[in-house]
>>> print(open('run-v7.cif').read())   # mmCIF, C-alpha atoms
data_query
#
loop_
_atom_site.label_atom_id
_atom_site.label_comp_id
_atom_site.auth_asym_id
_atom_site.auth_seq_id
_atom_site.Cartn_x
_atom_site.Cartn_y
_atom_site.Cartn_z
CA MET A 1 298.23 130.58 38.21
CA GLU A 2 301.57 132.17 38.95
CA LYS A 3 303.28 130.47 35.99
CA LEU A 4 300.78 131.83 33.46
CA VAL A 5 301.97 134.60 31.14
CA PRO A 6 298.73 136.43 30.28
CA PHE A 7 298.04 137.34 26.66
CA THR A 8 297.66 141.12 26.39
CA SER A 9 295.86 143.60 24.16
CA GLY A 10 299.28 144.63 22.87
CA ASP A 11 300.07 141.03 21.92
CA LEU A 12 296.77 140.79 20.07
CA ALA A 13 297.25 144.11 18.26
CA LYS A 14 300.74 143.07 17.17
CA ALA A 15 299.46 139.77 15.74
CA THR A 16 296.45 141.21 13.89
CA ASN A 17 296.76 142.64 10.38
CA HIS A 18 293.92 145.12 9.99
CA ARG A 19 292.38 145.60 6.56
CA SER A 20 289.64 147.97 5.46
CA GLY A 21 286.31 146.22 4.88
CA GLU A 22 287.30 143.11 6.85
CA ILE A 23 286.87 142.00 10.46
CA LYS A 24 289.57 139.70 11.75
CA PHE A 25 289.41 137.32 14.70
CA GLY A 26 291.99 139.49 16.43
CA GLU A 27 289.48 142.36 16.54
CA LYS A 28 286.91 140.22 18.38
CA ILE A 29 288.93 137.73 20.45
CA GLN A 30 288.67 138.26 24.20
CA ILE A 31 291.57 138.59 26.63
CA VAL A 32 291.79 138.82 30.41
CA PRO A 33 291.81 142.53 31.37
CA LYS A 34 294.97 143.84 32.96
CA ASP A 35 295.00 143.42 36.76
CA ALA A 36 291.85 141.26 36.70
CA ASP A 37 291.72 138.10 38.77
CA ILE A 38 292.09 135.38 36.15
CA ALA A 39 289.98 132.72 37.88
CA GLU A 40 287.18 135.24 38.52
CA PHE A 41 287.25 136.57 34.96
CA LEU A 42 287.01 133.03 33.56
CA GLN A 43 283.77 132.66 35.50
CA ILE A 44 282.15 135.78 34.03
CA CYS A 45 283.53 136.16 30.50
CA THR A 46 281.19 135.36 27.60
CA ALA A 47 283.73 133.33 25.62
CA LYS A 48 283.05 129.59 25.71
CA TYR A 49 286.54 128.52 24.57
CA VAL A 50 289.88 129.33 26.18
CA LEU A 51 293.12 129.15 24.17
CA PHE A 52 296.19 128.23 26.22
CA GLY A 53 299.76 127.58 25.04
CA ILE A 54 302.55 125.39 26.39
CA PRO A 55 305.74 126.40 24.51
CA GLU A 56 308.04 123.56 25.59
CA ASP A 57 309.83 120.56 24.14
CA ILE A 58 311.17 119.11 27.40
CA GLY A 59 308.90 116.06 27.26
CA VAL A 60 310.01 115.43 23.70
CA ARG A 61 313.68 115.63 24.68
CA ALA A 62 313.01 113.20 27.55
CA ASN A 63 311.57 110.78 24.97
CA PHE A 64 314.60 110.86 22.63
CA GLY A 65 312.69 113.16 20.25
CA ARG A 66 313.91 116.12 18.24
CA PRO A 67 313.30 119.43 20.06
CA GLY A 68 311.27 122.11 18.31
CA THR A 69 307.69 121.80 19.57
CA ALA A 70 308.18 124.87 21.76
CA SER A 71 307.74 127.03 18.64
CA ALA A 72 304.15 126.05 17.76
CA TRP A 73 302.45 128.50 20.13
CA ALA A 74 304.11 131.60 18.68
CA SER A 75 303.49 130.31 15.17
CA CYS A 76 299.76 129.80 15.57
CA ILE A 77 298.83 133.12 17.17
CA PRO A 78 299.12 135.33 14.03
CA SER A 79 297.30 132.68 12.01
CA ILE A 80 294.38 132.58 14.44
CA ALA A 81 294.28 136.36 14.89
CA ASN A 82 293.93 136.89 11.13
CA ILE A 83 291.12 134.41 10.47
CA GLN A 84 288.04 136.19 9.15
CA HIS A 85 285.29 136.88 11.69
CA ASN A 86 282.07 136.04 9.83
CA ARG A 87 278.83 134.07 10.03
CA PHE A 88 280.72 130.77 9.85
CA CYS A 89 282.90 131.40 12.89
CA LYS A 90 283.04 134.29 15.33
CA GLY A 91 286.18 135.45 17.11
CA GLY A 92 284.30 136.55 20.21
CA GLN A 93 283.73 132.90 21.14
CA LEU A 94 287.43 132.63 21.97
CA LEU A 95 289.45 133.94 24.91
CA ILE A 96 293.23 133.82 24.55
CA LEU A 97 294.38 133.19 28.10
CA GLY A 98 298.15 133.14 27.51
CA HIS A 99 300.94 130.61 27.83
CA LEU A 100 302.77 128.70 30.51
CA ASP A 101 306.04 130.31 31.57
CA VAL A 102 308.61 127.60 30.91
CA GLU A 103 311.52 129.87 30.03
CA MET A 104 313.61 128.84 33.02
CA GLU A 105 312.95 125.12 32.44
CA MET A 106 313.79 125.43 28.75
CA GLN A 107 317.12 127.05 29.62
CA GLN A 108 317.92 124.25 32.04
CA VAL A 109 317.47 121.47 29.45
CA GLN A 110 319.73 122.93 26.76
CA GLU A 111 322.75 120.98 27.99
CA LEU A 112 320.96 117.85 29.22
CA ASP A 113 321.43 114.52 27.44
CA PHE A 114 318.74 111.86 27.76
CA HIS A 115 321.35 109.12 27.32
CA ASN A 116 322.85 110.21 30.64
CA ILE A 117 320.91 108.63 33.52
CA ASP A 118 321.23 111.67 35.78
CA ASP A 119 320.14 114.03 33.00
CA ARG A 120 317.25 111.71 32.17
CA PHE A 121 316.04 111.89 35.75
CA ARG A 122 316.26 115.69 35.69
CA LEU A 123 314.29 115.88 32.43
CA SER A 124 311.53 113.75 33.94
CA GLN A 125 311.47 115.97 37.02
CA LEU A 126 311.00 119.04 34.83
CA VAL A 127 308.17 117.34 32.95
CA GLU A 128 306.48 116.55 36.27
CA SER A 129 306.72 120.19 37.33
CA ILE A 130 305.09 121.24 34.04
CA ASP A 131 302.39 118.58 34.60
CA LYS A 132 301.41 120.27 37.87
CA GLU A 133 301.14 123.72 36.31
CA VAL A 134 299.19 122.51 33.27
CA SER A 135 296.69 120.52 35.34
CA HIS A 136 296.20 123.51 37.66
CA ILE A 137 295.41 125.90 34.79
CA ILE A 138 293.18 123.40 32.97
CA PHE A 139 291.32 122.76 36.23
CA HIS A 140 290.43 126.46 36.54
CA ILE A 141 289.33 126.72 32.90
CA VAL A 142 287.04 123.68 33.11
CA LYS A 143 285.76 124.59 36.59
CA ALA A 144 284.63 127.92 35.12
CA GLY A 145 282.48 126.04 32.62
CA LYS A 146 284.78 126.76 29.66
CA ILE A 147 286.36 124.42 27.14
CA PRO A 148 290.17 124.52 26.90
CA ILE A 149 291.90 124.55 23.54
CA VAL A 150 295.51 123.72 24.31
CA ILE A 151 298.43 124.25 21.94
CA GLY A 152 301.58 122.27 22.76
CA GLY A 153 304.37 121.56 23.24
CA GLY A 154 304.91 117.84 23.37
CA HIS A 155 302.31 115.14 23.89
CA ASN A 156 303.45 114.83 27.50
CA ASN A 157 300.92 117.60 28.17
CA ALA A 158 298.00 115.21 27.58
CA TYR A 159 298.54 114.17 31.20
CA GLY A 160 297.92 117.66 32.56
CA ASN A 161 294.90 118.14 30.29
CA ILE A 162 293.34 114.88 31.47
CA LYS A 163 294.15 115.39 35.16
CA GLY A 164 292.96 119.01 35.24
CA THR A 165 289.70 118.18 33.46
CA ALA A 166 289.07 115.12 35.65
CA LEU A 167 289.66 117.09 38.86
CA ALA A 168 287.33 119.88 37.71
CA LYS A 169 284.59 117.41 36.84
CA GLY A 170 285.16 115.28 39.92
CA LYS A 171 285.59 112.03 37.99
CA ALA A 172 287.87 110.26 35.52
CA ILE A 173 287.41 111.21 31.87
CA ASN A 174 287.96 109.50 28.51
CA ALA A 175 290.26 110.47 25.64
CA ILE A 176 290.41 109.98 21.87
CA ASN A 177 293.84 110.44 20.31
CA ILE A 178 294.67 110.53 16.59
CA ASP A 179 298.32 109.59 16.60
CA ALA A 180 300.95 107.45 14.91
CA HIS A 181 302.01 106.32 18.41
CA SER A 182 300.07 105.17 21.47
CA ASP A 183 301.93 107.32 24.03
CA PHE A 184 300.94 104.53 26.42
CA ARG A 185 304.43 103.37 27.24
CA ILE A 186 305.75 102.09 30.54
CA LEU A 187 305.96 104.24 33.67
CA GLU A 188 309.68 104.95 33.46
CA GLY A 189 309.63 108.63 34.41
CA ARG A 190 307.58 111.27 32.66
CA HIS A 191 308.10 112.09 28.99
CA SER A 192 306.03 112.65 25.84
CA GLY A 193 305.52 108.93 25.27
CA ASN A 194 303.65 108.03 28.46
CA GLY A 195 301.22 110.82 29.31
CA PHE A 196 298.19 108.58 28.82
CA SER A 197 299.61 105.60 30.71
CA TYR A 198 300.42 107.80 33.71
CA ALA A 199 296.94 109.37 33.60
CA TYR A 200 295.42 105.89 33.41
CA GLU A 201 297.55 104.52 36.24
CA GLU A 202 296.69 107.44 38.51
CA GLY A 203 292.95 107.15 37.92
CA PHE A 204 292.32 110.28 35.86
CA LEU A 205 291.83 108.47 32.52
CA LYS A 206 288.95 106.01 32.35
CA LYS A 207 288.75 104.97 28.68
CA TYR A 208 291.26 105.64 25.93
CA PHE A 209 291.06 105.13 22.16
CA VAL A 210 294.09 105.54 19.88
CA PHE A 211 293.02 106.28 16.31
CA GLY A 212 295.37 105.41 13.45
CA LEU A 213 298.33 103.76 15.18
CA HIS A 214 301.21 103.04 12.80
CA GLU A 215 301.90 99.32 12.97
CA ASN A 216 305.61 99.77 12.19
CA TYR A 217 306.13 102.02 15.20
CA THR A 218 304.12 100.32 17.94
CA SER A 219 306.06 97.88 20.11
CA LYS A 220 304.91 94.36 20.93
CA ASN A 221 305.04 95.31 24.61
CA VAL A 222 302.57 98.18 24.13
CA LEU A 223 300.27 96.00 22.03
CA ASP A 224 300.32 93.32 24.73
CA ILE A 225 299.51 95.87 27.44
CA ILE A 226 296.59 97.30 25.45
CA LYS A 227 295.26 93.81 24.69
CA LYS A 228 294.92 93.12 28.41
CA MET A 229 292.91 96.34 28.85
CA ASP A 230 290.41 95.87 26.01
CA GLY A 231 287.50 97.09 28.09
CA ARG A 232 289.18 100.44 28.69
CA VAL A 233 291.90 100.91 26.07
CA ARG A 234 291.34 100.25 22.37
CA PHE A 235 292.87 101.23 19.03
CA ASN A 236 292.76 100.89 15.30
CA THR A 237 295.68 101.25 12.91
CA TYR A 238 296.35 103.57 10.03
CA ASP A 239 297.46 100.58 8.00
CA GLU A 240 294.20 98.67 8.32
CA ILE A 241 292.16 101.77 7.44
CA ALA A 242 294.17 103.51 4.72
CA ILE A 243 296.46 100.83 3.29
CA ARG A 244 294.73 97.44 3.46
CA GLY A 245 291.16 98.77 3.54
CA ASP A 246 290.17 96.29 6.26
CA LYS A 247 288.33 99.09 8.03
CA ASN A 248 286.54 102.23 6.89
CA PHE A 249 287.51 105.70 8.15
CA ALA A 250 283.93 106.88 8.73
CA SER A 251 282.89 103.61 10.40
CA GLU A 252 285.91 103.77 12.69
CA LEU A 253 284.99 107.30 13.75
CA SER A 254 281.59 105.97 14.79
CA ALA A 255 283.10 102.99 16.62
CA ALA A 256 285.52 105.22 18.51
CA VAL A 257 282.86 107.72 19.61
CA LYS A 258 280.69 104.88 20.92
CA PHE A 259 283.64 103.87 23.08
CA VAL A 260 284.70 107.27 24.48
CA GLY A 261 281.52 109.32 24.07
CA THR A 262 279.70 107.76 27.01
CA ASP A 263 281.29 110.36 29.29
CA SER A 264 283.34 113.55 29.14
CA PHE A 265 286.31 113.12 26.82
CA GLY A 266 289.31 115.03 25.56
CA ILE A 267 290.27 115.29 21.88
CA GLU A 268 294.00 114.82 21.33
CA ILE A 269 295.58 115.72 17.97
CA ASP A 270 299.19 114.72 17.40
CA LEU A 271 300.42 116.47 14.26
CA ASP A 272 302.87 113.63 13.58
CA SER A 273 299.84 111.71 12.29
CA ILE A 274 299.92 113.93 9.17
CA PRO A 275 302.58 113.41 6.46
CA ASN A 276 305.34 115.99 6.05
CA ILE A 277 304.33 118.13 9.01
CA ALA A 278 307.47 119.12 10.87
CA SER A 279 307.40 117.40 14.25
CA SER A 280 309.65 115.47 16.61
CA ALA A 281 308.57 112.23 14.89
CA MET A 282 307.79 113.41 11.36
CA THR A 283 306.14 110.89 9.03
CA ILE A 284 305.84 110.52 5.25
CA SER A 285 302.72 108.35 5.46
CA GLY A 286 299.56 109.13 7.39
CA PHE A 287 296.12 110.69 7.39
CA SER A 288 295.60 113.78 5.25
CA VAL A 289 295.01 117.24 6.64
CA GLU A 290 291.40 116.93 5.46
CA GLN A 291 290.90 113.67 7.35
CA VAL A 292 292.29 115.13 10.56
CA ARG A 293 290.02 118.15 10.13
CA GLN A 294 287.08 115.76 9.66
CA PHE A 295 288.19 113.96 12.83
CA VAL A 296 288.12 117.23 14.81
CA ASN A 297 284.72 118.14 13.38
CA PHE A 298 283.27 114.70 14.13
CA PHE A 299 284.34 114.54 17.76
CA GLY A 300 284.02 118.28 18.37
CA LYS A 301 280.28 118.23 17.75
CA HIS A 302 279.72 115.66 20.49
CA GLU A 303 278.12 117.00 23.66
CA ASN A 304 280.74 115.32 25.87
CA ALA A 305 283.76 116.86 24.11
CA SER A 306 285.60 118.58 26.97
CA TYR A 307 288.85 119.91 25.51
CA LEU A 308 290.97 120.02 22.36
CA HIS A 309 294.74 119.53 22.47
CA ILE A 310 296.92 120.09 19.37
CA CYS A 311 300.53 119.08 19.91
CA GLU A 312 303.89 117.97 18.51
CA GLY A 313 303.98 120.54 15.69
CA ALA A 314 307.51 121.94 15.40
CA PRO A 315 307.75 124.94 13.03
CA ASP A 316 311.43 125.39 13.96
CA LEU A 317 312.17 122.00 12.35
CA ASP A 318 310.65 122.94 9.00
CA SER A 319 313.53 122.77 6.53
CA ASP A 320 311.50 124.46 3.79
CA LYS A 321 311.17 127.68 5.78
CA LYS A 322 307.40 127.28 5.73
CA GLY A 323 306.97 126.89 9.48
CA HIS A 324 304.13 129.44 9.39
CA LEU A 325 302.03 126.81 7.63
CA ILE A 326 301.96 124.75 10.82
CA GLY A 327 300.45 127.80 12.54
CA LYS A 328 297.90 128.00 9.74
CA LEU A 329 297.10 124.29 10.11
CA ILE A 330 296.56 124.77 13.85
CA GLY A 331 294.25 127.69 13.02
CA TYR A 332 292.16 125.45 10.76
CA LEU A 333 291.87 122.78 13.46
CA VAL A 334 290.92 125.33 16.13
CA THR A 335 288.15 126.84 13.99
CA ASP A 336 286.94 123.38 12.90
CA PHE A 337 286.45 122.63 16.59
CA LEU A 338 284.75 125.98 17.28
CA LYS A 339 282.33 125.51 14.37
CA ALA A 340 281.48 121.93 15.35
CA ASN A 341 281.15 122.48 19.09
CA SER A 342 279.36 125.83 19.04
CA SER A 343 276.62 124.25 16.93
CA LEU A 344 275.55 122.44 20.13
CA ALA A 345 274.37 125.70 21.70
#
>>> encode(input="run-v7.cif", output="structure tokens")
Amino acid sequence: MEKLVPFTSGDLAKATNHRSGEIKFGEKIQIVPKDADIAEFLQICTAKYVLFGIPEDIGVRANFGRPGTASAWASCIPSIANIQHNRFCKGGQLLILGHLDVEMEMQQVQELDFHNIDDRFRLSQLVESIDKEVSHIIFHIVKAGKIPIVIGGGHNNAYGNIKGTALAKGKAINAINIDAHSDFRILEGRHSGNGFSYAYEEGFLKKYFVFGLHENYTSKNVLDIIKKMDGRVRFNTYDEIAIRGDKNFASELSAAVKFVGTDSFGIEIDLDSIPNIASSAMTISGFSVEQVRQFVNFFGKHENASYLHICEGAPDLDSDKKGHLIGKLIGYLVTDFLKANSSLA
């Protein structure tokens, strides 16, 4: 794990605002001790959940998106550190591992243009190199019997989450993704729009359900591809649930979990499914924050839930100077998952 930047006690102290009479998450969260072997410590630490950040937007750039997702990791840490440690949720359940070192790669992409074929190839190469590092780290977390909670970054990192988990478990896994887009596009070189299709093609993803696709932004080609794979890839649309009322939100949650819950599965949360959340593909119409939180709670309490990935939030793109609210939203989703999943113990 050479590309991992470990989270330190100093980082945690800096992020935590101490207050008399209160106990914050930051006072209870675990970290890897200095000079400890990370893989060995993961095996022995008492925390069940491991928080890991990927502060990049290279996959987004490679997909014609607006850069900015690299800022979500730094934004969420103070929000998580200052959550109250109480009987509803305990900070000691969580280990903050650190983040992937992508500083060099991020510097390299500053002058690259996806419209240039040579630059496009280079962007895809950089995404592939990140894939390898992400899958390696996720493999070690899952192999240690822990559950990763991954903060992106772009949705390209779904590939590394799926591959790393599948390798650790020795078999392909399933995934449920609440998203305005399928991210199941053609294999044209790695970017944020084809993480699931690459994972599927390479045998790491067995069954995939896309929850809440936006009909206006899903191509005929993608719909045709999914139709041919009905036994392994399914979806519903936001429009048929929330606009036309053809389907019911709660019933669709149940239908989706019957599809993916037969085996280990990852929970993928794309923040562009929520209106007015700054992201590379920001929307004005979509599921509410409360519905997405319900989604995390519903799938998080399933015994086969194997990881949580929250991605595509871009605080740097928030024009209202309220980027910290994305960090707060991520904090809510993380604790919703902790509360739901820890109830299984």
>>> closest_atom_pairs(input="run-v7.cif", of="range 105-196 of chain A", to="range 295-303 of chain A", cutoff="12 Å", atoms="all atoms listed in the file", output="CSV")
residue,atom,partner,partner_atom,distance
A:Ile147,CA,A:Gly300,CA,11.0
A:Ile149,CA,A:Gly300,CA,11.3
A:Ala175,CA,A:Phe299,CA,10.7
A:Ile176,CA,A:Phe299,CA,8.6
A:Asn177,CA,A:Phe295,CA,10.0
A:Ile178,CA,A:Phe295,CA,8.2
A:Asp179,CA,A:Phe295,CA,11.7
>>> atom_distance(input="run-v7.cif", atom1="CA of Leu112 in chain A", atom2="CA of Lys322 in chain A")
28.7 Å
>>> resolve_selection(input="run-v7.cif", expression="the PyMOL selection byres ((chain A and resi 67-80) around 8)", output="PyMOL selection string")
chain A and resi 15-16+25-26+53-58+60-61+65-66+81-83+151-154+279-280+311-317+323-324+326-328+330-331
>>> resolve_selection(input="run-v7.cif", expression="the PyMOL selection byres ((chain A and resi 260-270) around 7)", output="VMD selection string")
chain A and resid 173 to 179 207 to 208 256 to 259 271 to 273 304 to 312
>>> write_last_selection(input="run-v7.cif", atoms="C-alpha atoms", output="short mmCIF file (atom, residue, chain, number, x, y, z; two decimals), in the coordinates of the input")
data_model
loop_
_atom_site.label_atom_id
_atom_site.label_comp_id
_atom_site.auth_asym_id
_atom_site.auth_seq_id
_atom_site.Cartn_x
_atom_site.Cartn_y
_atom_site.Cartn_z
CA ILE A 173 287.41 111.21 31.87
CA ASN A 174 287.96 109.50 28.51
CA ALA A 175 290.26 110.47 25.64
CA ILE A 176 290.41 109.98 21.87
CA ASN A 177 293.84 110.44 20.31
CA ILE A 178 294.67 110.53 16.59
CA ASP A 179 298.32 109.59 16.60
CA LYS A 207 288.75 104.97 28.68
CA TYR A 208 291.26 105.64 25.93
CA ALA A 256 285.52 105.22 18.51
CA VAL A 257 282.86 107.72 19.61
CA LYS A 258 280.69 104.88 20.92
CA PHE A 259 283.64 103.87 23.08
CA LEU A 271 300.42 116.47 14.26
CA ASP A 272 302.87 113.63 13.58
CA SER A 273 299.84 111.71 12.29
CA ASN A 304 280.74 115.32 25.87
CA ALA A 305 283.76 116.86 24.11
CA SER A 306 285.60 118.58 26.97
CA TYR A 307 288.85 119.91 25.51
CA LEU A 308 290.97 120.02 22.36
CA HIS A 309 294.74 119.53 22.47
CA ILE A 310 296.92 120.09 19.37
CA CYS A 311 300.53 119.08 19.91
CA GLU A 312 303.89 117.97 18.51
#
>>> atom_distance(input="run-v7.cif", atom1="CA of Val127 in chain A", atom2="CA of Gln108 in chain A")
12.0 Å
>>> resolve_selection(input="run-v7.cif", expression="the PyMOL selection byres ((chain A and resi 105) around 10)", output="JSON, numbers by chain")
{"A": [56, 57, 58, 101, 102, 103, 104, 106, 107, 108, 109, 110, 123, 126, 127, 129, 130]}
>>> atom_distance(input="run-v7.cif", atom1="CA of Gly189 in chain A", atom2="CA of Gln125 in chain A")
8.0 Å
>>> closest_residue(input="run-v7.cif", among="A:Leu12, A:Leu187, A:Ala62, A:Met229", to="Asp113 in chain A", atoms="all atoms listed in the file")
A:Ala62
>>> closest_residue(input="run-v7.cif", among="A:Val292, A:Ala199, A:Ile284, A:Leu100", to="Ile137 in chain A", atoms="only C-alpha atoms")
A:Leu100
>>> residues_around(input="run-v7.cif", residues="Asn221 in chain A", least_positions_apart="3", cutoff="12 Å", atoms="all atoms listed in the file", output="list in words")
Ser182, Phe184, Arg185, Ile186, Tyr217, Thr218, Asp224, Ile225, Ile226, Lys227 and Lys228 of chain A
>>> closest_residue(input="run-v7.cif", among="A:Ala250, A:Ala278, A:Leu333, A:Val210", to="Glu290 in chain A", atoms="all atoms listed in the file")
A:Leu333
>>> residues_around(input="run-v7.cif", residues="Lys48 in chain A", least_positions_apart="6", cutoff="10 Å", atoms="all atoms listed in the file", output="NGL selection string")
:A and (42 or 92-95 or 141 or 144-148 or 338 or 341-342)
>>> write_last_selection(input="run-v7.cif", atoms="C-alpha atoms", output="PDB file, keeping the file's coordinate frame")
ATOM      1  CA  LEU A  42     287.010 133.030  33.560  1.00  0.00           C
ATOM      2  CA  GLY A  92     284.300 136.550  20.210  1.00  0.00           C
ATOM      3  CA  GLN A  93     283.730 132.900  21.140  1.00  0.00           C
ATOM      4  CA  LEU A  94     287.430 132.630  21.970  1.00  0.00           C
ATOM      5  CA  LEU A  95     289.450 133.940  24.910  1.00  0.00           C
ATOM      6  CA  ILE A 141     289.330 126.720  32.900  1.00  0.00           C
ATOM      7  CA  ALA A 144     284.630 127.920  35.120  1.00  0.00           C
ATOM      8  CA  GLY A 145     282.480 126.040  32.620  1.00  0.00           C
ATOM      9  CA  LYS A 146     284.780 126.760  29.660  1.00  0.00           C
ATOM     10  CA  ILE A 147     286.360 124.420  27.140  1.00  0.00           C
ATOM     11  CA  PRO A 148     290.170 124.520  26.900  1.00  0.00           C
ATOM     12  CA  LEU A 338     284.750 125.980  17.280  1.00  0.00           C
ATOM     13  CA  ASN A 341     281.150 122.480  19.090  1.00  0.00           C
ATOM     14  CA  SER A 342     279.360 125.830  19.040  1.00  0.00           C
TER      15      SER A 342
END
